[in-house]
Structure formats: structure tokens, C-alpha cells
file data-v5.txt (compact mmCIF, C-alpha atoms and all ligand atoms)
# COMPACT_ATOMS: atom_id res chain seq x y z
CA MET C 1 178.81 58.94 102.61
CA LEU C 2 182.14 57.77 101.25
CA ILE C 3 184.18 60.30 99.26
CA ASN C 4 187.23 59.33 97.17
CA GLY C 5 190.51 61.19 96.59
CA GLN C 6 188.93 63.06 93.68
CA ARG C 7 186.24 64.40 95.98
CA GLN C 8 183.58 62.21 94.41
CA VAL C 9 180.80 60.42 96.23
CA THR C 10 181.26 56.66 95.80
CA ILE C 11 178.82 55.28 98.34
CA VAL C 12 175.86 56.94 100.02
CA ASN C 13 172.80 55.71 101.89
CA THR C 14 169.24 56.99 102.04
CA ALA C 15 169.60 58.28 105.62
CA MET C 16 172.22 60.75 104.38
CA ALA C 17 169.84 61.97 101.66
CA THR C 18 167.08 62.38 104.24
CA LEU C 19 169.32 64.39 106.56
CA LEU C 20 170.58 66.61 103.76
CA GLY C 21 167.03 67.09 102.58
CA HIS C 22 167.41 66.12 98.93
CA GLU C 23 167.97 63.16 96.58
CA ILE C 24 171.56 62.02 96.08
CA SER C 25 172.64 60.42 92.81
CA ARG C 26 174.04 56.88 93.03
CA GLN C 27 176.45 57.75 90.17
CA ARG C 28 179.89 59.10 91.04
CA HIS C 29 179.65 62.85 91.32
CA PRO C 30 181.40 65.71 93.17
CA TYR C 31 180.36 65.72 96.84
CA VAL C 32 179.90 69.52 96.74
CA ASP C 33 176.78 68.85 94.62
CA ASP C 34 175.19 67.33 97.74
CA ILE C 35 176.70 69.23 100.62
CA GLN C 36 175.70 72.85 100.61
CA THR C 37 176.49 73.61 104.24
CA PHE C 38 179.78 75.46 104.31
CA ALA C 39 180.88 74.15 107.74
CA LEU C 40 180.31 70.56 106.63
CA SER C 41 182.10 70.83 103.28
CA ARG C 42 185.03 72.64 104.94
CA MET C 43 185.32 69.83 107.47
CA ILE C 44 185.36 67.22 104.70
CA GLU C 45 187.84 69.25 102.66
CA HIS C 46 190.27 69.62 105.57
CA THR C 47 190.03 65.93 106.40
CA ALA C 48 190.68 65.00 102.75
CA ARG C 49 193.70 67.33 102.68
CA ASP C 50 195.52 66.46 105.89
CA GLY C 51 194.16 62.97 106.56
CA GLU C 52 193.21 63.93 110.14
CA SER C 53 189.86 62.65 111.39
CA ARG C 54 187.43 65.28 112.65
CA HIS C 55 184.40 65.33 114.90
CA GLU C 56 182.11 68.37 115.17
CA GLU C 57 178.51 69.39 115.70
CA ILE C 58 177.05 71.34 112.79
CA GLN C 59 173.77 73.09 112.01
CA ILE C 60 172.19 71.92 108.77
CA GLN C 61 168.89 73.32 107.54
CA ASP C 62 166.48 73.07 110.49
CA GLY C 63 168.52 70.56 112.42
CA THR C 64 171.73 69.73 114.22
CA VAL C 65 174.04 66.88 113.24
CA ASP C 66 176.98 65.37 115.00
CA VAL C 67 179.54 64.72 112.24
CA ASP C 68 182.34 62.19 112.10
CA ALA C 69 184.71 62.67 109.15
CA THR C 70 187.24 59.87 109.16
CA THR C 71 189.91 58.96 106.60
CA VAL C 72 190.05 55.41 105.39
CA ALA C 73 192.80 54.13 103.09
CA ILE C 74 191.26 51.45 100.92
CA ARG C 75 193.63 50.83 98.06
CA LYS C 76 196.47 52.37 96.06
CA GLY C 77 195.67 54.68 93.18
CA PRO C 78 193.41 57.67 92.79
CA ASP C 79 190.99 56.24 95.36
CA GLU C 80 193.71 55.74 97.94
CA LEU C 81 192.52 58.17 100.57
CA GLN C 82 188.80 58.19 101.16
CA VAL C 83 186.80 60.23 103.60
CA LEU C 84 183.95 58.50 105.40
CA VAL C 85 181.33 60.99 106.59
CA ILE C 86 178.84 59.84 109.20
CA LEU C 87 176.04 62.12 110.40
CA TYR C 88 174.12 61.53 113.63
CA ASP C 89 170.86 63.47 113.91
CA VAL C 90 170.93 65.14 117.35
CA THR C 91 168.22 67.72 116.60
CA PHE C 92 165.68 66.31 119.03
CA MET C 93 168.24 65.95 121.85
CA ARG C 94 169.41 69.54 121.45
CA LYS C 95 165.81 70.80 121.36
CA VAL C 96 165.03 69.01 124.61
CA GLU C 97 168.18 70.46 126.20
CA GLN C 98 167.19 73.94 125.02
CA MET C 99 163.70 73.52 126.45
CA GLN C 100 165.12 72.41 129.79
CA SER C 101 167.44 75.36 129.96
CA ASP C 102 164.65 77.79 128.93
CA PHE C 103 162.47 76.29 131.64
CA VAL C 104 165.11 76.78 134.34
CA GLN C 105 165.56 80.37 133.18
CA ASN C 106 161.81 81.02 133.23
CA VAL C 107 161.40 79.49 136.68
CA SER C 108 164.27 81.55 138.08
CA HIS C 109 162.82 84.67 136.52
CA GLU C 110 159.37 83.97 137.98
CA LEU C 111 160.84 83.20 141.43
CA LYS C 112 162.81 86.43 141.44
CA THR C 113 159.74 88.69 141.54
CA PRO C 114 158.23 87.42 144.84
CA VAL C 115 161.64 86.94 146.45
CA THR C 116 162.64 90.52 145.60
CA ALA C 117 159.34 91.82 146.98
CA ILE C 118 159.66 89.85 150.23
CA ALA C 119 163.27 90.97 150.76
CA GLY C 120 162.44 94.59 149.88
CA PHE C 121 159.46 94.92 152.22
CA ALA C 122 161.25 93.15 155.08
CA GLU C 123 164.17 95.55 154.67
CA THR C 124 161.86 98.57 154.66
CA LEU C 125 160.18 97.33 157.84
CA LEU C 126 163.53 96.80 159.55
CA ALA C 127 164.68 100.25 158.47
CA GLY C 128 161.90 101.81 160.57
CA ALA C 129 158.56 101.26 158.81
CA LYS C 130 157.68 98.71 161.51
CA ASP C 131 156.99 101.59 163.90
CA ASP C 132 154.13 102.80 161.71
CA PRO C 133 151.26 100.38 162.49
CA GLU C 134 149.52 100.98 159.18
CA ALA C 135 152.66 100.36 157.08
CA LEU C 136 153.48 97.34 159.25
CA ASP C 137 150.12 95.75 158.55
CA ASN C 138 150.21 96.64 154.88
CA PHE C 139 153.74 95.32 154.27
CA LEU C 140 153.15 92.13 156.24
CA HIS C 141 150.15 91.40 154.03
CA ILE C 142 152.28 91.89 150.93
CA ILE C 143 154.96 89.60 152.36
CA GLN C 144 152.30 86.99 153.13
CA SER C 145 150.77 87.08 149.65
CA GLU C 146 154.16 87.02 147.93
CA SER C 147 155.19 83.98 150.03
CA GLN C 148 151.99 82.23 148.98
CA ARG C 149 152.85 83.01 145.38
CA LEU C 150 156.34 81.65 145.87
CA SER C 151 154.98 78.50 147.40
CA GLN C 152 152.47 78.07 144.52
CA LEU C 153 155.27 78.47 141.98
CA ILE C 154 157.35 75.82 143.72
CA GLN C 155 154.38 73.45 143.94
CA ASP C 156 153.57 73.92 140.24
CA THR C 157 157.19 73.46 139.21
CA LEU C 158 157.38 70.25 141.22
CA ALA C 159 154.06 69.08 139.76
CA LEU C 160 155.46 69.62 136.25
CA SER C 161 158.65 67.73 137.01
CA ARG C 162 156.59 64.81 138.36
CA VAL C 163 154.40 64.49 135.26
CA GLY C 164 156.89 62.12 133.69
CA GLU C 165 156.85 59.75 136.67
CA SER C 166 155.24 56.43 135.83
CA ASN C 167 151.53 55.86 136.44
CA ASP C 168 152.28 53.15 138.98
CA HIS C 169 149.19 53.42 141.06
CA ILE C 170 146.33 52.62 138.76
CA GLU C 171 143.07 52.29 140.63
CA LYS C 172 139.36 52.66 140.11
CA VAL C 173 138.67 56.36 140.64
CA THR C 174 135.10 57.55 141.16
CA ILE C 175 134.74 60.95 139.55
CA ALA C 176 132.00 62.62 141.65
CA PRO C 177 133.94 62.81 144.97
CA LEU C 178 137.05 63.92 143.14
CA VAL C 179 135.14 66.82 141.55
CA GLN C 180 133.54 67.61 144.91
CA ASN C 181 136.99 67.85 146.54
CA ALA C 182 138.14 70.27 143.85
CA LEU C 183 135.02 72.40 144.42
CA ASN C 184 135.38 72.31 148.20
CA SER C 185 138.94 73.59 148.07
CA ILE C 186 137.80 76.64 146.13
CA GLN C 187 134.50 77.17 147.95
CA GLN C 188 135.28 80.67 149.23
CA PRO C 189 136.13 82.23 145.84
CA ILE C 190 133.01 80.54 144.39
CA ALA C 191 130.87 82.16 147.10
CA ASP C 192 132.66 85.53 146.81
CA ARG C 193 131.98 85.66 143.10
CA LYS C 194 128.41 84.33 143.45
CA LEU C 195 128.98 81.62 140.87
CA HIS C 196 126.34 79.04 139.99
CA VAL C 197 127.79 75.57 140.06
CA ASN C 198 126.28 72.90 137.87
CA VAL C 199 127.60 69.35 138.22
CA GLU C 200 126.26 66.58 135.98
CA LEU C 201 127.93 63.30 136.83
CA ASP C 202 126.55 59.81 137.30
CA ALA C 203 127.24 58.82 140.90
CA ASP C 204 129.03 55.68 139.72
CA LEU C 205 131.01 57.31 136.87
CA ALA C 206 134.53 55.93 137.38
CA LEU C 207 137.81 55.43 135.57
CA GLU C 208 140.80 53.12 135.97
CA THR C 209 143.57 55.66 136.23
CA ASN C 210 146.17 57.39 138.40
CA LYS C 211 144.15 59.24 141.00
CA SER C 212 146.58 62.00 141.90
CA LYS C 213 147.15 62.92 138.25
CA LEU C 214 143.42 63.01 137.53
CA SER C 215 142.65 65.12 140.61
CA GLN C 216 145.34 67.63 139.66
CA ILE C 217 143.80 67.93 136.16
CA VAL C 218 140.33 68.54 137.59
CA ARG C 219 141.58 70.97 140.26
CA ASN C 220 143.49 73.11 137.77
CA LEU C 221 140.60 73.28 135.29
CA VAL C 222 138.05 74.05 138.00
CA ASN C 223 140.30 76.74 139.52
CA ASN C 224 140.64 78.46 136.14
CA ALA C 225 136.89 78.20 135.52
CA VAL C 226 136.39 80.06 138.80
CA PHE C 227 139.12 82.67 138.46
CA TYR C 228 138.48 83.54 134.83
CA ASN C 229 134.69 83.61 135.33
CA LYS C 230 132.50 86.70 135.68
CA ASP C 231 130.74 87.57 138.92
CA GLY C 232 127.41 85.74 139.00
CA GLY C 233 128.57 83.44 136.17
CA THR C 234 128.17 79.68 135.84
CA LEU C 235 130.68 76.90 136.28
CA SER C 236 129.67 73.56 134.81
CA ILE C 237 131.24 70.16 135.20
CA VAL C 238 129.80 67.42 133.05
CA GLY C 239 131.12 63.88 132.82
CA VAL C 240 130.03 61.03 130.57
CA ARG C 241 131.14 57.47 130.01
CA THR C 242 132.70 56.82 126.59
CA ASN C 243 133.81 53.74 124.78
CA GLY C 244 136.72 52.65 127.01
CA GLY C 245 136.93 55.73 129.22
CA ILE C 246 135.32 59.00 130.20
CA ARG C 247 134.87 62.50 128.87
CA LEU C 248 134.91 65.43 131.29
CA GLN C 249 133.87 68.95 130.40
CA VAL C 250 134.66 71.96 132.54
CA SER C 251 132.91 75.10 131.28
CA ASP C 252 132.66 78.66 132.44
CA THR C 253 130.82 81.78 131.34
CA GLY C 254 133.85 83.97 131.87
CA VAL C 255 136.28 86.14 129.98
CA GLY C 256 136.94 83.58 127.21
CA ILE C 257 140.12 83.17 125.15
CA ALA C 258 140.76 84.70 121.72
CA ASP C 259 141.36 82.29 118.81
CA ASP C 260 145.03 83.20 118.41
CA GLU C 261 145.74 82.57 122.11
CA GLN C 262 144.02 79.20 122.34
CA GLN C 263 147.05 77.10 121.40
CA ARG C 264 149.48 79.18 123.43
CA ILE C 265 147.74 78.97 126.81
CA PHE C 266 148.96 75.38 127.16
CA GLU C 267 152.59 76.57 127.03
CA ARG C 268 154.53 76.81 130.25
CA PHE C 269 154.28 80.31 131.79
CA TYR C 270 152.04 81.65 129.04
CA ARG C 271 149.40 84.04 130.39
CA VAL C 272 146.94 86.06 128.35
CA ASP C 273 146.52 88.72 131.00
CA LYS C 274 149.52 88.73 133.31
CA ALA C 275 148.02 91.07 135.89
CA ARG C 276 144.76 89.13 136.17
CA SER C 277 146.59 85.81 136.41
CA ARG C 278 148.91 87.16 139.11
CA ASN C 279 146.02 88.61 141.12
CA SER C 280 144.31 85.24 141.13
CA GLY C 281 147.50 83.58 142.37
CA GLY C 282 148.19 82.14 138.91
CA THR C 283 151.62 81.01 137.83
CA GLY C 284 151.01 80.39 134.12
CA LEU C 285 151.79 76.72 134.71
CA GLY C 286 148.31 75.36 135.46
CA LEU C 287 147.30 74.44 131.92
CA ALA C 288 150.79 73.24 130.99
CA ILE C 289 150.49 70.81 133.90
CA VAL C 290 147.01 69.78 132.75
CA SER C 291 148.02 69.14 129.17
CA GLU C 292 151.14 67.17 130.16
CA LEU C 293 149.17 65.11 132.71
CA VAL C 294 146.43 64.36 130.17
CA GLU C 295 149.08 63.16 127.75
CA ALA C 296 150.73 61.05 130.46
CA LEU C 297 147.38 59.36 131.10
CA GLY C 298 146.98 58.65 127.38
CA GLY C 299 144.15 61.13 126.85
CA SER C 300 143.50 64.30 124.92
CA ILE C 301 142.34 67.82 125.71
CA HIS C 302 140.26 70.15 123.60
CA LEU C 303 139.34 73.79 124.09
CA ALA C 304 136.36 75.67 122.72
CA SER C 305 136.22 79.30 123.73
CA GLN C 306 134.82 82.63 122.69
CA LEU C 307 136.13 85.95 123.92
CA GLY C 308 133.71 87.49 126.42
CA VAL C 309 131.39 84.47 126.35
CA GLY C 310 133.25 81.65 128.08
CA SER C 311 135.37 78.55 127.69
CA THR C 312 134.88 74.80 127.67
CA PHE C 313 137.80 72.46 128.29
CA THR C 314 137.04 68.87 127.28
CA VAL C 315 139.27 66.09 128.52
CA ALA C 316 138.95 62.56 127.14
CA LEU C 317 140.68 59.87 129.17
CA PRO C 318 140.95 56.13 128.54
CA ASN C 319 140.83 53.40 131.16
CA ALA C 320 144.38 52.39 131.94
CA THR C 321 145.34 48.76 132.19
CA PRO C 322 146.90 48.08 135.59
CA THR C 323 150.66 47.43 135.33
CA LYS C 324 151.41 44.28 137.31
P1 LIG M 1 147.42 80.77 135.30
O1 LIG M 1 148.16 80.32 136.49
O2 LIG M 1 147.87 82.09 134.77
O3 LIG M 1 145.95 80.63 135.43
P2 LIG M 1 147.22 78.62 133.36
O4 LIG M 1 148.29 77.82 132.70
O5 LIG M 1 146.24 77.89 134.20
O6 LIG M 1 147.94 79.75 134.17
O7 LIG M 1 146.44 79.40 132.23
C1 LIG M 1 147.17 80.13 131.27
C2 LIG M 1 146.37 81.33 130.82
O8 LIG M 1 145.23 80.89 130.09
C3 LIG M 1 145.81 82.16 131.96
O9 LIG M 1 146.73 83.13 132.37
C4 LIG M 1 144.57 82.77 131.34
O10 LIG M 1 144.94 83.94 130.63
C5 LIG M 1 144.12 81.73 130.33
N1 LIG M 1 143.02 80.88 130.85
C6 LIG M 1 143.12 79.69 131.45
N2 LIG M 1 141.92 79.18 131.76
C7 LIG M 1 141.01 80.08 131.34
C8 LIG M 1 139.57 80.15 131.35
N3 LIG M 1 138.81 79.17 131.88
N4 LIG M 1 139.00 81.25 130.81
C9 LIG M 1 139.74 82.24 130.26
N5 LIG M 1 141.09 82.24 130.22
C10 LIG M 1 141.72 81.18 130.75
call {"tool": "encode", "arguments": {"input": "data-v5.txt", "output": "C-alpha cells"}}
result
Amino acid sequence: MLINGQRQVTIVNTAMATLLGHEISRQRHPYVDDIQTFALSRMIEHTARDGESRHEEIQIQDGTVDVDATTVAIRKGPDELQVLVILYDVTFMRKVEQMQSDFVQNVSHELKTPVTAIAGFAETLLAGAKDDPEALDNFLHIIQSESQRLSQLIQDTLALSRVGESNDHIEKVTIAPLVQNALNSIQQPIADRKLHVNVELDADLALETNKSKLSQIVRNLVNNAVFYNKDGGTLSIVGVRTNGGIRLQVSDTGVGIADDEQQRIFERFYRVDKARSRNSGGTGLGLAIVSELVEALGGSIHLASQLGVGSTFTVALPNATPTK
């Protein structure tokens, strides 16, 4: 936007109108008709008065703009000193920065709990509790389970940070053994909870994809279907070929998820029932990892769930074209 010595808009483009969120007349008119943000009009006013260029970041409506207000002398007369205002939309950049900083804060907060517990129980043992065999055994078990939790949190945080890495290794991945691996690694809890496992997969069902990303998706969904199931419940894994890819469904007959929580469970660290999640070794990152991995593989995820009845997570994935 170019503003003359009489504070009138002489030139403006459509990007400026978009950023300000309303139409701007192409006729000469006072710039205050267009600029309703006090910080921005003050910046322009000061620049027009003292001729000093200014550069600031300003909040406008729902966004953030980086503003350059520069004086340009074009010709003698009433239009002599003009102010050129350039806005750069930095909303997205600032949002990403905010998300990164929130994430670091959340991770630190989550790490603090097990670290504090480990330090506290070790201190108590050293202060004399180690001489009581029952307390010794009890506290060592707590230290062990809190260390496992710590290690899970670190693994999940690393898994999240790796989601963005490129899908370099595209290969033909057969689904049945990958599902079997996921089930094997959680065999004990499946037996403890007397779950019925139902797997419906064609032996040759396969996908061109990144194997480690796909196995992490399956592992996380299967783990949840076990931990949020009811004793004696059913865990079902069904896979079908689709036009250009596969569709995998992981269902359980467990606690289910209320309608208003269904979007939120994909957020990092969101847990419906904190205590239950913690008892099952959950970090609140499992589904965030799943949804980011699915996106990285070009697919989509869908959830159908009913409180007290069960949940079905459906993942649709396309065949990737090898990058060579
Ligand atoms: P967590 O480590 O807590 O399991 P997730 O990101 O995997 O974290 O899941 C987020 C939350 O979503 C869980 O805490 C749980 O409340 C809910 N959830 C996830 N999967 C299921 C499921 N199959 N059935 C019911 N609730 C689930």
C-alpha cells in the first residue's frame, strides 16, 4: 500500500486487501478507512511524520504480519513524502514455532513425573528404606516401572520427530507377517486379558510402502486395541485390497471413545483417561504418531467408536511409487 503526504491511499494490491480482511477502494481515500489495527496505523503515522523507516511484527485479526513501513520521496508537492507499507504474512510460521515450543514444554512436563519418582524413591532407599526388605522390593519395582515409562516417552518422542523424515525405503511389504509381529510383541497382555483375536488378511495382501512407518502404525493401533479392551473382549484386524492400495481395520470391543473426544485423541499427549493410559504404559503420543505417519505415507485415518461398545480405526494407504 502506498500512502501519500495527505495520508491517502494511492496504490494498493489485492494481497493487502486479503490480509486486512476487507475490500479496499481503488479511489484515493484516507488510509485509516482500511487500517483498523491501532499498532499498524500508529506505525504508519510515525513513519509519515518523521520520515524514519520502521519494521515491526504486528497482530492483525487472526494472524501475524511482519510490517515494513518505508518512506519514499517521489516528487515535489503534496505527494512528496509517501509511505510504502509492505505486509508479510508470518502467521503460519509463528504457529509452527508456537507448536514446537508447546511440544518441548509438554515433553519436559511428561518427563518430569517419572524422573521425580525415580529420584525420590532412590533417595528414600538410600536414607535407610533399603534395610526393610519389603520396602526395598516395592520401591525397586516402582523405579523399574517408572524407568520403563521414561524410556517409552523417549522412544515415542523420537518416533514423532522422525515422522517427517523422507520415505526413502519404499519396498513391497506383506501385511500378514507385519500384523503377526505386532500381535507377538503384545502376546502376554492378550493372554492375561483373555482376548479373542480375529485376523482376516489375504496371505498375499501387500503394499508398496515404507515398512518401518507401516509397522509402527499397526503396532500402536493393536496396542491400543488391547489396552483399551475389556477382559474377554475381541480384537479384530481386517485388511482388504483397494484401488491402488489397502485398507486396514483394527477394531476392539473395549471402552470406546465419546463423540466429543474422537477428534482430540489424535492430538499429542491427549488422553481421555489419564490414569488408565498411564497404567497401561501409555504416553498419549501413540495416536498422534499414527496420524502423522499415515499422513506421511499419503493415507487417511478414520475412527468409528461408541462409548462402552468399542472402537474401529480404519487406515487407508496408497501404494507409493519408489523414489529412484
Ligand atoms: P496412550 O498412550 O494414552 O494410549 P494414544 O495417543 O495412543 O495414547 O491414545 C490417546 C487416548 O485415546 C488414550 O489415552 C485413550 O484414552 C484413547 N484411546 C486410544 N485408543 C483407544 C481405543 N482403542 N479404545 C478406547 N480409547 C482409546
call {"tool": "residues_around", "arguments": {"input": "data-v5.txt", "residues": "Pro177 of chain C", "least_positions_apart": "5", "cutoff": "12 Å", "atoms": "all atoms listed in the file", "output": "PyMOL selection string"}}
result
chain C and resi 182-184+199+201-206+211+215+218
call {"tool": "residues_around", "arguments": {"input": "data-v5.txt", "residues": "Gln105 of chain C", "least_positions_apart": "6", "cutoff": "12 Å", "atoms": "only C-alpha atoms", "output": "count of residues only"}}
result
6
call {"tool": "closest_residue", "arguments": {"input": "data-v5.txt", "among": "C:Glu200, C:Asp137, C:Glu110, C:Gln187", "to": "ligand LIG 1 (chain M)", "atoms": "all atoms listed in the file"}}
result
C:Glu110
call {"tool": "closest_atom_pairs", "arguments": {"input": "data-v5.txt", "of": "chain C", "to": "ligand LIG 1 (chain M)", "cutoff": "6 Å", "atoms": "all atoms listed in the file", "output": "Markdown table"}}
result
| residue | atom | partner | partner_atom | distance |
| --- | --- | --- | --- | --- |
| C:Asn224 | CA | M:LIG1 | N2 | 4.6 |
| C:Ala225 | CA | M:LIG1 | N3 | 4.2 |
| C:Tyr228 | CA | M:LIG1 | N4 | 4.7 |
| C:Gly254 | CA | M:LIG1 | N4 | 5.9 |
| C:Val255 | CA | M:LIG1 | C9 | 5.2 |
| C:Gly256 | CA | M:LIG1 | C9 | 4.4 |
| C:Ile257 | CA | M:LIG1 | C9 | 5.2 |
| C:Ile265 | CA | M:LIG1 | O8 | 4.6 |
| C:Tyr270 | CA | M:LIG1 | C1 | 5.6 |
| C:Arg271 | CA | M:LIG1 | O9 | 3.4 |
| C:Val272 | CA | M:LIG1 | O10 | 3.7 |
| C:Asp273 | CA | M:LIG1 | O10 | 5.0 |
| C:Ser277 | CA | M:LIG1 | O2 | 4.3 |
| C:Gly282 | CA | M:LIG1 | O1 | 3.0 |
| C:Thr283 | CA | M:LIG1 | O1 | 3.8 |
| C:Gly284 | CA | M:LIG1 | O6 | 3.1 |
| C:Leu285 | CA | M:LIG1 | O4 | 4.2 |
| C:Gly286 | CA | M:LIG1 | O5 | 3.5 |
| C:Leu287 | CA | M:LIG1 | O4 | 3.6 |
| C:Ala288 | CA | M:LIG1 | O4 | 5.5 |
| C:Ser311 | CA | M:LIG1 | N3 | 5.5 |
call {"tool": "closest_residue", "arguments": {"input": "data-v5.txt", "among": "C:Pro30, C:Gly232, C:Gly310, C:Gly21", "to": "Asn4 of chain C", "atoms": "all atoms listed in the file"}}
result
C:Pro30
call {"tool": "atom_distance", "arguments": {"input": "data-v5.txt", "atom1": "atom CA of Leu293 of chain C", "atom2": "atom CA of Val222 of chain C"}}
result
15.2 Å
call {"tool": "residues_around", "arguments": {"input": "data-v5.txt", "residues": "Arg193 of chain C", "least_positions_apart": "4", "cutoff": "9 Å", "atoms": "only C-alpha atoms", "output": "VMD selection string"}}
result
chain C and resid 188 to 189 226 229 to 233
call {"tool": "residues_near_point", "arguments": {"input": "data-v5.txt", "point": "(159.4, 90.0, 151.4)", "cutoff": "9 Å", "atoms": "all atoms listed in the file", "output": "list of chain:residue names"}}
result
C:Pro114, C:Val115, C:Thr116, C:Ala117, C:Ile118, C:Ala119, C:Gly120, C:Phe121, C:Ala122, C:Glu123, C:Phe139, C:Leu140, C:Ile142, C:Ile143, C:Gln144, C:Glu146, C:Ser147
call {"tool": "residues_around", "arguments": {"input": "data-v5.txt", "residues": "Tyr88 of chain C", "least_positions_apart": "2", "cutoff": "7 Å", "atoms": "all atoms listed in the file", "output": "MDAnalysis selection string"}}
result
chainID C and resid 65:67 86 90
call {"tool": "residues_around", "arguments": {"input": "data-v5.txt", "residues": "Met1 of chain C", "least_positions_apart": "3", "cutoff": "12 Å", "atoms": "all atoms listed in the file", "output": "count of residues only"}}
result
35
call {"tool": "closest_residue", "arguments": {"input": "data-v5.txt", "among": "C:Val290, C:Asp259, C:Glu97, C:Ile60", "to": "Val163 of chain C", "atoms": "all atoms listed in the file"}}
result
C:Val290
call {"tool": "build_atoms", "arguments": {"input": "data-v5.txt", "residues": "segment 18-38 of chain C", "atoms": "N, CA, C and O atoms", "output": "PDB file, in the coordinates of the input"}}
result
ATOM      1  N   THR C  18     168.150  61.840 103.401  1.00  0.00           N
ATOM      2  CA  THR C  18     167.080  62.380 104.240  1.00  0.00           C
ATOM      3  C   THR C  18     167.598  63.544 105.080  1.00  0.00           C
ATOM      4  O   THR C  18     166.975  64.597 105.166  1.00  0.00           O
ATOM      5  N   LEU C  19     168.764  63.335 105.695  1.00  0.00           N
ATOM      6  CA  LEU C  19     169.320  64.390 106.560  1.00  0.00           C
ATOM      7  C   LEU C  19     169.678  65.642 105.777  1.00  0.00           C
ATOM      8  O   LEU C  19     169.491  66.755 106.254  1.00  0.00           O
ATOM      9  N   LEU C  20     170.192  65.450 104.558  1.00  0.00           N
ATOM     10  CA  LEU C  20     170.580  66.610 103.760  1.00  0.00           C
ATOM     11  C   LEU C  20     169.375  67.251 103.073  1.00  0.00           C
ATOM     12  O   LEU C  20     169.448  68.352 102.549  1.00  0.00           O
ATOM     13  N   GLY C  21     168.278  66.513 103.071  1.00  0.00           N
ATOM     14  CA  GLY C  21     167.030  67.090 102.580  1.00  0.00           C
ATOM     15  C   GLY C  21     166.858  67.062 101.070  1.00  0.00           C
ATOM     16  O   GLY C  21     166.040  67.788 100.539  1.00  0.00           O
ATOM     17  N   HIS C  22     167.638  66.260 100.371  1.00  0.00           N
ATOM     18  CA  HIS C  22     167.410  66.120  98.930  1.00  0.00           C
ATOM     19  C   HIS C  22     167.960  64.791  98.415  1.00  0.00           C
ATOM     20  O   HIS C  22     168.759  64.133  99.088  1.00  0.00           O
ATOM     21  N   GLU C  23     167.534  64.411  97.210  1.00  0.00           N
ATOM     22  CA  GLU C  23     167.970  63.160  96.580  1.00  0.00           C
ATOM     23  C   GLU C  23     169.476  63.206  96.339  1.00  0.00           C
ATOM     24  O   GLU C  23     170.023  64.276  96.057  1.00  0.00           O
ATOM     25  N   ILE C  24     170.124  62.053  96.404  1.00  0.00           N
ATOM     26  CA  ILE C  24     171.560  62.020  96.080  1.00  0.00           C
ATOM     27  C   ILE C  24     171.750  60.954  94.987  1.00  0.00           C
ATOM     28  O   ILE C  24     171.277  59.824  95.123  1.00  0.00           O
ATOM     29  N   SER C  25     172.429  61.348  93.923  1.00  0.00           N
ATOM     30  CA  SER C  25     172.640  60.420  92.810  1.00  0.00           C
ATOM     31  C   SER C  25     173.519  59.252  93.245  1.00  0.00           C
ATOM     32  O   SER C  25     174.425  59.416  94.057  1.00  0.00           O
ATOM     33  N   ARG C  26     173.220  58.058  92.695  1.00  0.00           N
ATOM     34  CA  ARG C  26     174.040  56.880  93.030  1.00  0.00           C
ATOM     35  C   ARG C  26     175.265  56.818  92.117  1.00  0.00           C
ATOM     36  O   ARG C  26     176.154  56.005  92.308  1.00  0.00           O
ATOM     37  N   GLN C  27     175.284  57.674  91.062  1.00  0.00           N
ATOM     38  CA  GLN C  27     176.450  57.750  90.170  1.00  0.00           C
ATOM     39  C   GLN C  27     177.539  58.551  90.881  1.00  0.00           C
ATOM     40  O   GLN C  27     177.239  59.379  91.729  1.00  0.00           O
ATOM     41  N   ARG C  28     178.803  58.280  90.478  1.00  0.00           N
ATOM     42  CA  ARG C  28     179.890  59.100  91.040  1.00  0.00           C
ATOM     43  C   ARG C  28     179.677  60.559  90.647  1.00  0.00           C
ATOM     44  O   ARG C  28     179.387  60.847  89.487  1.00  0.00           O
ATOM     45  N   HIS C  29     179.826  61.422  91.608  1.00  0.00           N
ATOM     46  CA  HIS C  29     179.650  62.850  91.320  1.00  0.00           C
ATOM     47  C   HIS C  29     180.365  63.647  92.421  1.00  0.00           C
ATOM     48  O   HIS C  29     180.608  63.118  93.507  1.00  0.00           O
ATOM     49  N   PRO C  30     180.703  64.914  92.156  1.00  0.00           N
ATOM     50  CA  PRO C  30     181.400  65.710  93.170  1.00  0.00           C
ATOM     51  C   PRO C  30     180.538  65.839  94.439  1.00  0.00           C
ATOM     52  O   PRO C  30     179.333  66.086  94.333  1.00  0.00           O
ATOM     53  N   TYR C  31     181.157  65.678  95.596  1.00  0.00           N
ATOM     54  CA  TYR C  31     180.360  65.720  96.840  1.00  0.00           C
ATOM     55  C   TYR C  31     179.782  67.114  97.090  1.00  0.00           C
ATOM     56  O   TYR C  31     178.767  67.256  97.766  1.00  0.00           O
ATOM     57  N   VAL C  32     180.423  68.154  96.513  1.00  0.00           N
ATOM     58  CA  VAL C  32     179.900  69.520  96.740  1.00  0.00           C
ATOM     59  C   VAL C  32     178.517  69.705  96.109  1.00  0.00           C
ATOM     60  O   VAL C  32     177.794  70.631  96.463  1.00  0.00           O
ATOM     61  N   ASP C  33     178.141  68.776  95.170  1.00  0.00           N
ATOM     62  CA  ASP C  33     176.780  68.850  94.620  1.00  0.00           C
ATOM     63  C   ASP C  33     175.745  68.571  95.723  1.00  0.00           C
ATOM     64  O   ASP C  33     174.610  69.039  95.653  1.00  0.00           O
ATOM     65  N   ASP C  34     176.144  67.755  96.704  1.00  0.00           N
ATOM     66  CA  ASP C  34     175.190  67.330  97.740  1.00  0.00           C
ATOM     67  C   ASP C  34     175.284  68.178  99.003  1.00  0.00           C
ATOM     68  O   ASP C  34     174.282  68.401  99.676  1.00  0.00           O
ATOM     69  N   ILE C  35     176.510  68.566  99.321  1.00  0.00           N
ATOM     70  CA  ILE C  35     176.700  69.230 100.620  1.00  0.00           C
ATOM     71  C   ILE C  35     176.804  70.728 100.432  1.00  0.00           C
ATOM     72  O   ILE C  35     177.806  71.242  99.927  1.00  0.00           O
ATOM     73  N   GLN C  36     175.725  71.400 100.820  1.00  0.00           N
ATOM     74  CA  GLN C  36     175.700  72.850 100.610  1.00  0.00           C
ATOM     75  C   GLN C  36     175.998  73.631 101.892  1.00  0.00           C
ATOM     76  O   GLN C  36     176.073  74.848 101.870  1.00  0.00           O
ATOM     77  N   THR C  37     176.172  72.902 102.992  1.00  0.00           N
ATOM     78  CA  THR C  37     176.490  73.610 104.240  1.00  0.00           C
ATOM     79  C   THR C  37     177.992  73.843 104.272  1.00  0.00           C
ATOM     80  O   THR C  37     178.779  72.896 104.230  1.00  0.00           O
ATOM     81  N   PHE C  38     178.367  75.117 104.394  1.00  0.00           N
ATOM     82  CA  PHE C  38     179.780  75.460 104.310  1.00  0.00           C
ATOM     83  C   PHE C  38     180.600  74.743 105.389  1.00  0.00           C
ATOM     84  O   PHE C  38     181.649  74.162 105.112  1.00  0.00           O
TER      85      PHE C  38
END
